[in-house]
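Chemist: What follows is a structure written as structure tokens; I'll ask about it next.
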Amino acid sequence: MTNIYELKNRLLVPNWRDFKRTIKLGELGEIHDSIHNNIENSQVKLDWENSKTIGIAADLINSSFISNDLFSRELVEAMDFVEANLKDASDPLMNLVQMIRLEINPQEVETSTKILEKNIDSVNEFQSIINDQLLNKMIAKTKNLTKSHLANSINWIELARLYTIRNQSEKAERCITIALNLAPNNRFVLRSAVRFFIHTNHEDKAIYYLKKSENIRNDPWLISAHIASSKLVGRYSPFIKIGEGVISSKKFSNFDLTELSSSLGTLELESGSFKKSKPLIDLSLKNPNDNSLAQFEWLSKKDNRLSFNANSFDEVKNPFEAFAYENFQKGKFLEAFYNCINWFLDVPYSKRPLVFGSYIACLVNDYDAAIVMCLAGLRLNNSEVGFINNIVYALCLKNELDEVPKYINQLGRINLSEYNDEDRISIQATLGLYLLRSKDIDEGKKMYKMAIENATKIKKDYYKNLAIINFTRELFLLKDQEFEFYRLLFNKIKTSEVDVIHFKNEVNTLITKKYIL
């Protein structure tokens, strides 16, 4: 039985993308009520007024970039000067100028709602871009940039992101720490660091650096990140009240408030106050980003007073997470699958789109695609039980049993007591499938029955139904004497879960077709 990665509690944790795409998504725009101009940047501006050279221009551009002061007259002059003296300007400096130009001139930002480093159209292309050679080249190139521009915090964050994709957390944290020391108040650096620390289960560090920032009281993007980080460790964020004041001040755009208002709306909904939560959630949807949109889609499944309509959000950039779950719930499994691929390409250090995508691939009988996604996931975490489980399931249904033992051995090395009940039930059922297909009938039945019994004990009808459906199919294929008993249980399954209905219909079609023949 495959394992579906479903969040029980979703929070507005910042997404972490490369700098260029983050600019295109509009999340680094100027917050006029924030303190962006520090003493150091002011001094560089004075230096520029006294001596207009390529070196000082570079210092001003880097300083303005790090402090997020991207709209000053002096910066524009410095960038114009650099572009007029191309022969003296380095390639990294020109790249930085181009990045800042995108922010200053929003009309230059691409109009597509799909903003990815790579665009792909097939699973084969997906497989080709997750190879280590390509990632190694990107890491080497970015390392050279950090060496050439040691004071550029963004390069250090970019390198940390690549190391995180490669599951080299220690190297990534060193880069994150350097970036935070260089630019402790830069929103891009801070939000990237927060996502990294949460990704590596160091939420306390995320809270520490956010609280330390001079801009935390004035930047809704940082306040929202602090609320999410605090909630993850079960703490009350002291910035909740400040965030409420930021919203009521009317000094910020709807887009700048989207994550903060969504965070506060979620807290109110969880406390049982729909009346207070609704205006905040409505505000978050006036100009949402992908994160607040996904939060609303998740909330709508928790509270039927909220209604998610994907057609109302066709202008939101990178809406892949929200649309993956929404298409899934509507039974549009292929659309959901390709949203999972784009979701992963958008945040390629996250396992959620891969586990979910591999589940959907099994649902539509594309077992090769499921295996590819799980193998990509094992590069992120080679002991993630969901990936191993789903590979075993897919290989069994392909009848490629010779490939299974090495993954079974991996499961055997994992202490299942560390995982939740749903994971254990999924693994028991998958082991049952493998044993039955390997003709170890008694042991296979035992594992399936254990999965069904355990799901019944904890009142998880979803997992019990999936186990019964898979077990019934296998008993039918084996022409086992217990088939008729489980077919009765199979026929009694009543559910509104679209994937369970789909699985049941497929097995029912198989059984009916065989009987007709």
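The way I read the labels, and the way they are meant: chains A, B, ... in the order of the structure tokens, residue 1 as the first residue of every chain, and ligand 1 as the first ligand shown, with later ones counted on from there.
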Write out as number ranges by chain which residues come within 12 Å of region 48-62 of chain A when counting only C-alpha atoms, dropping same-chain ones fewer than 2 positions away.

Modeler: A: 37, 40-46, 64-101, 149-155, 182-183

Chemist: Which residues are close to region 357-360 of chain A, i.e. within 9 Å by only C-alpha atoms, leaving aside same-chain residues fewer than 4 positions away? Reply as a PyMOL selection string.

Modeler: chain A and resi 2-5+324+328+333-334+336-341+352-353+364-367+369-374+387+390-391+499

Chemist: Could you give me, as JSON lines, a per-residue list for region 344-446 of chain A showing, wherever an atom lies at most 10 Å from an atom of region 465-468 of chain A, the closest pair of atoms and their distance in Å to one decimal, using only C-alpha atoms and sorting by chain then residue number from low to high?

Modeler:
{"residue": "A:Ile425", "atom": "CA", "partner": "A:Ala467", "partner_atom": "CA", "distance": 8.5}
{"residue": "A:Ser426", "atom": "CA", "partner": "A:Ala467", "partner_atom": "CA", "distance": 8.0}
{"residue": "A:Gln428", "atom": "CA", "partner": "A:Ala467", "partner_atom": "CA", "distance": 9.3}
{"residue": "A:Ala429", "atom": "CA", "partner": "A:Ala467", "partner_atom": "CA", "distance": 6.2}
{"residue": "A:Thr430", "atom": "CA", "partner": "A:Ala467", "partner_atom": "CA", "distance": 8.9}
{"residue": "A:Gly432", "atom": "CA", "partner": "A:Ala467", "partner_atom": "CA", "distance": 9.7}
{"residue": "A:Leu433", "atom": "CA", "partner": "A:Ala467", "partner_atom": "CA", "distance": 9.8}

Chemist: Please, could you write that set of residues out with N, CA and C atoms as a compact mmCIF listing (two decimals), in the first residue's frame?

Modeler:
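Saved the output as result25.txt:
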# COMPACT_ATOMS: atom_id res chain seq x y z
N ILE A 425 1.24 1.20 9.23
CA ILE A 425 0.18 0.46 8.54
C ILE A 425 0.51 0.31 7.06
N SER A 426 1.00 1.38 6.45
CA SER A 426 1.37 1.34 5.03
C SER A 426 2.47 0.31 4.78
N GLN A 428 3.30 -2.31 6.68
CA GLN A 428 2.79 -3.67 6.90
C GLN A 428 2.05 -4.17 5.67
N ALA A 429 1.21 -3.31 5.10
CA ALA A 429 0.45 -3.72 3.92
C ALA A 429 1.37 -3.95 2.72
N THR A 430 2.38 -3.10 2.56
CA THR A 430 3.32 -3.26 1.43
C THR A 430 4.14 -4.53 1.59
N GLY A 432 3.10 -7.14 3.08
CA GLY A 432 2.14 -8.19 2.76
C GLY A 432 2.04 -8.41 1.26
N LEU A 433 2.03 -7.33 0.50
CA LEU A 433 1.98 -7.42 -0.96
C LEU A 433 3.21 -8.16 -1.49

Chemist: Could you list, as a list in words, every residue within 8 Å of region 159-166 of chain A, counting only C-alpha atoms and ignoring same-chain residues fewer than 4 positions away?

Modeler: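 Residues meeting the cut-off are Trp16, Arg17, Asp18, Leu135, Met138, Ile139, Thr142, Lys143, Asn155, Lys171, Ala172, Glu173, Arg174, Cys175, Ile176, Phe196, Pro348, Tyr349, Arg379 and Leu380 of chain A.
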
Chemist: Tell me which of A:Leu299, A:Ala140, A:Val316, A:Leu269 sits closest to Asn287 (chain A), counting only C-alpha atoms.

Modeler: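 The answer is A:Val316, which sits nearest to Asn287 (chain A).
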
Chemist: Give me, as a VMD selection string, the residues of region 170-413 of chain A that a backbone DSSP run labels alpha helix (DSSP H).

Modeler: chain A and resid 170 to 182 187 to 199 203 to 212 220 to 232 239 to 248 254 to 270 274 to 284 290 to 302 320 to 329 333 to 346 352 to 363 367 to 380 385 to 397 405 to 412

Chemist: Smallest atom-to-atom distance to Lys330 (chain A): which of A:Val246, A:Leu222, A:Leu116, A:Ile501, using only C-alpha atoms?

Modeler: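 Once distances to Lys330 (chain A) are computed over only C-alpha atoms, the minimum belongs to A:Ile501.
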
Chemist: Check the smallest atom-to-atom distance from each of A:Ile198, A:Val507, A:Leu395, A:Val385 to Val233 (chain A) using only C-alpha atoms, then report the winner.

Modeler: A:Ile198

Chemist: Find the residue from A:Asn144, A:Ser312, A:Ser230, A:Thr113 that sits nearest to Ala206 (chain A); use only C-alpha atoms when measuring.

Modeler: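 Looking only at the distances to Ala206 (chain A), the closest residue turns out to be A:Ser230.
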
Chemist: Mind pulling up the distance from CA of Lys351 (chain A) to CA of Asp219 (chain A)?

Modeler: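 Result for CA of Asp219 (chain A) versus CA of Lys351 (chain A): 29.1 Å, one decimal.
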
Chemist: Name the residues in contact with Leu232 (chain A) at a cut-off of 12 Å, using only C-alpha atoms, excluding same-chain residues fewer than 2 positions from it; report them as a PyMOL selection string.

Modeler: chain A and resi 9-13+194+197-199+201-204+206-207+225-230+234-237

Chemist: A:Ile115, A:Leu488, A:Val347, A:Ile511: which is nearest Ile23 (chain A), counting only C-alpha atoms?

Modeler: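 When distances to Ile23 (chain A) are compared using only C-alpha atoms, the smallest one comes from A:Ile115.
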
Chemist: Which residues come within 9 Å of Glu214 (chain A), counting only C-alpha atoms, excluding same-chain residues fewer than 3 positions away, as an MDAnalysis selection string?

Modeler: chainID A and resid 35 184:185 210:211 217:218

Chemist: For Phe490 (chain A), find every residue with an atom within 10 Å (counting only C-alpha atoms), except residues of its own chain fewer than 3 positions away, and show them as a VMD selection string.

Modeler: chain A and resid 465 to 473 483 to 487 493 to 494 504 507 to 508

Chemist: If you keep N, CA, C and O atoms, can you produce a file of those selected residues as a compact mmCIF listing (two decimals), in the first residue's frame?

Modeler:
# COMPACT_ATOMS: atom_id res chain seq x y z
N ASN A 465 -9.39 0.90 4.45
CA ASN A 465 -10.01 0.66 3.15
C ASN A 465 -8.99 0.38 2.07
O ASN A 465 -9.16 -0.52 1.24
N LEU A 466 -7.90 1.16 2.07
CA LEU A 466 -6.85 0.91 1.08
C LEU A 466 -6.22 -0.47 1.26
O LEU A 466 -5.94 -1.17 0.27
N ALA A 467 -6.01 -0.88 2.50
CA ALA A 467 -5.44 -2.21 2.76
C ALA A 467 -6.40 -3.30 2.30
O ALA A 467 -5.97 -4.29 1.67
N ILE A 468 -7.69 -3.14 2.57
CA ILE A 468 -8.68 -4.15 2.15
C ILE A 468 -8.73 -4.24 0.63
O ILE A 468 -8.77 -5.34 0.05
N ILE A 469 -8.70 -3.10 -0.06
CA ILE A 469 -8.77 -3.10 -1.52
C ILE A 469 -7.57 -3.82 -2.12
O ILE A 469 -7.70 -4.66 -3.01
N ASN A 470 -6.37 -3.47 -1.63
CA ASN A 470 -5.16 -4.12 -2.15
C ASN A 470 -5.13 -5.60 -1.82
O ASN A 470 -4.74 -6.43 -2.65
N PHE A 471 -5.53 -5.94 -0.61
CA PHE A 471 -5.54 -7.34 -0.18
C PHE A 471 -6.54 -8.16 -1.00
O PHE A 471 -6.25 -9.28 -1.44
N THR A 472 -7.70 -7.59 -1.25
CA THR A 472 -8.74 -8.28 -2.06
C THR A 472 -8.22 -8.56 -3.46
O THR A 472 -8.43 -9.65 -4.01
N ARG A 473 -7.54 -7.58 -4.04
CA ARG A 473 -6.98 -7.78 -5.39
C ARG A 473 -5.99 -8.94 -5.39
O ARG A 473 -6.03 -9.82 -6.28
N PHE A 483 -10.70 -15.14 -0.56
CA PHE A 483 -11.09 -14.03 -1.42
C PHE A 483 -12.54 -13.61 -1.19
O PHE A 483 -12.85 -12.42 -1.08
N GLU A 484 -13.46 -14.56 -1.15
CA GLU A 484 -14.88 -14.23 -1.04
C GLU A 484 -15.18 -13.48 0.25
O GLU A 484 -16.00 -12.56 0.28
N PHE A 485 -14.49 -13.85 1.35
CA PHE A 485 -14.71 -13.15 2.62
C PHE A 485 -14.28 -11.69 2.51
O PHE A 485 -15.02 -10.78 2.91
N TYR A 486 -13.11 -11.45 1.92
CA TYR A 486 -12.62 -10.08 1.81
C TYR A 486 -13.34 -9.31 0.71
O TYR A 486 -13.42 -8.08 0.77
N ARG A 487 -13.89 -10.04 -0.24
CA ARG A 487 -14.69 -9.36 -1.26
C ARG A 487 -15.94 -8.74 -0.62
O ARG A 487 -16.39 -7.67 -1.02
N ILE A 493 -17.27 -1.17 1.44
CA ILE A 493 -16.54 0.10 1.59
C ILE A 493 -17.37 1.26 1.06
O ILE A 493 -17.79 1.28 -0.09
N LYS A 494 -17.63 2.22 1.93
CA LYS A 494 -18.33 3.46 1.57
C LYS A 494 -17.41 4.62 1.92
O LYS A 494 -16.97 4.76 3.06
N LYS A 504 -10.78 1.32 -5.74
CA LYS A 504 -11.84 0.31 -5.63
C LYS A 504 -12.44 0.00 -7.00
O LYS A 504 -12.67 -1.16 -7.35
N VAL A 507 -10.02 -2.22 -9.06
CA VAL A 507 -10.02 -3.61 -8.61
C VAL A 507 -11.34 -4.28 -8.97
O VAL A 507 -11.36 -5.44 -9.41
N ASN A 508 -12.42 -3.56 -8.82
CA ASN A 508 -13.74 -4.10 -9.17
C ASN A 508 -13.80 -4.44 -10.66
O ASN A 508 -14.36 -5.47 -11.06

Chemist: Near Leu260 (chain A), counting only C-alpha atoms, which residues have an atom at most 7 Å away, once you skip same-chain residues fewer than 6 positions from it, shown as a list in words?

Modeler: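 The neighbour list is Pro220, Trp221, Ile223 and Ser224 of chain A.
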
Chemist: Filtering to N, CA, C and O atoms, could you give me those residues as a PDB file, in the first residue's frame?

Modeler:
ATOM      1  N   PRO A 220       6.253  42.626   7.495  1.00  0.00           N
ATOM      2  CA  PRO A 220       5.251  41.562   7.651  1.00  0.00           C
ATOM      3  C   PRO A 220       5.741  40.199   7.196  1.00  0.00           C
ATOM      4  O   PRO A 220       5.307  39.179   7.722  1.00  0.00           O
ATOM      5  N   TRP A 221       6.667  40.169   6.241  1.00  0.00           N
ATOM      6  CA  TRP A 221       7.204  38.893   5.766  1.00  0.00           C
ATOM      7  C   TRP A 221       8.011  38.199   6.872  1.00  0.00           C
ATOM      8  O   TRP A 221       7.990  36.975   7.000  1.00  0.00           O
ATOM      9  N   ILE A 223       7.651  38.898  10.224  1.00  0.00           N
ATOM     10  CA  ILE A 223       6.740  38.610  11.338  1.00  0.00           C
ATOM     11  C   ILE A 223       6.032  37.279  11.110  1.00  0.00           C
ATOM     12  O   ILE A 223       5.918  36.442  12.014  1.00  0.00           O
ATOM     13  N   SER A 224       5.562  37.068   9.882  1.00  0.00           N
ATOM     14  CA  SER A 224       4.884  35.809   9.555  1.00  0.00           C
ATOM     15  C   SER A 224       5.811  34.627   9.746  1.00  0.00           C
ATOM     16  O   SER A 224       5.410  33.574  10.272  1.00  0.00           O
TER      17      SER A 224
END
